[in-house]
Amino acid sequence: MAENSHVLYAREPTLGIPEFRRVLVESGLGEVRPVDDEARLKAMLEGANLIVTARLEMASLDMAPLEMEAKPLIGVARCLTDFSWVCYISDLAVSAKAQGLGIGKGLMDEVARQLGPSVAISLVSMPDAVGFYERIGMKRMPDAFWISRKR
């Protein structure tokens, strides 16, 4: 990440498939998501009713105006919620180059801010991410259940 940069978190309901795919791949989630199935990625984005993004805003005096407008996507939280009782985070992906910098926690904080204090947040963690969720204060739930997809 650039030295003179900061992260912009925002609700982004029109996130495009190419950027979404790129962050899934860069995060490592591309190994377990249908990144080669554009129709399915499109359905995943259209089915989410809360998409929060993390974009890198670079502040440099020598950047051209077009480059200043380009804010690369470095993280995304794709969520399903009723905005009243519960929110399920179906994807929390941070580009490998930005992992360990607080971007995932920032996305979770922005999701919580967007939802307000009366909405619970749930997710199913990848095994290697369990420690991250515990470190940011999420509680493990022993009574969760799952029916696997067929494809």
# chains A, B, ... in the order shown; residues from 1 in each chain; ligands from 1

$ select_by_dssp --residues "chain A" --states "alpha helix (DSSP H)" --output "ChimeraX atom specification"
/A:17-27,38-47,65-69,103-115,130-135

$ closest_residue --among "A:Ala98, A:Ala112, A:Ile74, A:Ile17" --to "A:Pro34" --atoms "only C-alpha atoms"
A:Ile17

$ residues_around --residues "A:Gly16" --least-positions-apart "4" --cutoff "9 Å" --atoms "only C-alpha atoms" --output "PDB file with C-alpha atoms, in the first residue's frame"
ATOM      1  CA  PHE A  20     -15.409  -8.315  -6.804  1.00  0.00           C
ATOM      2  CA  ARG A  21     -13.750 -11.256  -8.580  1.00  0.00           C
ATOM      3  CA  LYS A  42     -23.495 -11.489 -10.704  1.00  0.00           C
ATOM      4  CA  LEU A  45     -23.812  -9.405  -5.893  1.00  0.00           C
TER       5      LEU A  45
END

$ closest_residue --among "A:Phe132, A:Phe145, A:Tyr9, A:Tyr88" --to "A:Asn49" --atoms "only C-alpha atoms"
A:Tyr88

$ select_by_dssp --residues "stretch 29-151 of chain A" --states "strand (DSSP E)" --output "PyMOL selection string"
chain A and resi 50-58+73-81+86-94+120-123

$ residues_around --residues "A:Val94" --least-positions-apart "4" --cutoff "7 Å" --atoms "only C-alpha atoms" --output "MDAnalysis selection string"
chainID A and resid 23 27 74:76 98:99 103:104

$ residues_around --residues "A:Phe83" --least-positions-apart "5" --cutoff "9 Å" --atoms "only C-alpha atoms" --output "list in words"
Gln114, Leu115, Gly116, Ser118 and Val119 of chain A

$ atom_distance --atom1 "atom CA of A:Asp37" --atom2 "atom CA of A:Thr14"
18.5 Å

$ closest_residue --among "A:Ala54, A:Ala129, A:Val35, A:Val25" --to "A:Ala10" --atoms "only C-alpha atoms"
A:Ala54

$ atom_distance --atom1 "atom CA of A:Pro72" --atom2 "atom CA of A:Met58"
9.2 Å

$ closest_residue --among "A:Pro117, A:Gly137, A:Pro142, A:Pro13" --to "A:Ile51" --atoms "only C-alpha atoms"
A:Pro13

$ residues_around --residues "A:Ser90" --least-positions-apart "4" --cutoff "10 Å" --atoms "only C-alpha atoms" --output "compact mmCIF listing (two decimals) with N, CA, C and O atoms, in the first residue's frame"
# COMPACT_ATOMS: atom_id res chain seq x y z
N MET A 44 -24.67 -13.39 -7.00
CA MET A 44 -24.21 -13.18 -5.62
C MET A 44 -24.26 -11.69 -5.26
O MET A 44 -24.71 -11.33 -4.17
N ALA A 48 -27.19 -9.75 -2.65
CA ALA A 48 -26.75 -9.11 -1.39
C ALA A 48 -27.47 -7.77 -1.26
O ALA A 48 -27.54 -7.00 -2.21
N ALA A 77 -17.20 -6.57 2.01
CA ALA A 77 -18.07 -7.37 2.86
C ALA A 77 -19.41 -7.47 2.14
O ALA A 77 -20.05 -6.45 1.87
N ARG A 78 -19.79 -8.68 1.77
CA ARG A 78 -21.06 -8.91 1.07
C ARG A 78 -22.03 -9.53 2.06
O ARG A 78 -21.74 -10.58 2.65
N CYS A 79 -23.17 -8.87 2.27
CA CYS A 79 -24.06 -9.23 3.37
C CYS A 79 -25.52 -9.40 2.93
O CYS A 79 -25.96 -8.77 1.98
N LEU A 80 -26.24 -10.20 3.70
CA LEU A 80 -27.68 -10.37 3.58
C LEU A 80 -28.28 -10.01 4.93
O LEU A 80 -27.88 -10.56 5.95
N SER A 122 -23.70 -12.33 11.91
CA SER A 122 -23.23 -13.71 11.92
C SER A 122 -22.46 -14.00 10.64
O SER A 122 -22.60 -13.29 9.64
N LEU A 123 -21.63 -15.04 10.68
CA LEU A 123 -20.89 -15.48 9.50
C LEU A 123 -20.37 -16.87 9.74
O LEU A 123 -20.36 -17.36 10.87
N VAL A 124 -19.94 -17.50 8.66
CA VAL A 124 -19.27 -18.80 8.72
C VAL A 124 -17.84 -18.55 8.30
O VAL A 124 -17.58 -18.07 7.20
N SER A 125 -16.90 -18.84 9.17
CA SER A 125 -15.49 -18.55 8.93
C SER A 125 -14.79 -19.67 8.17
O SER A 125 -15.08 -20.85 8.38

$ atom_distance --atom1 "atom CA of A:Thr81" --atom2 "atom CA of A:Ile121"
8.9 Å
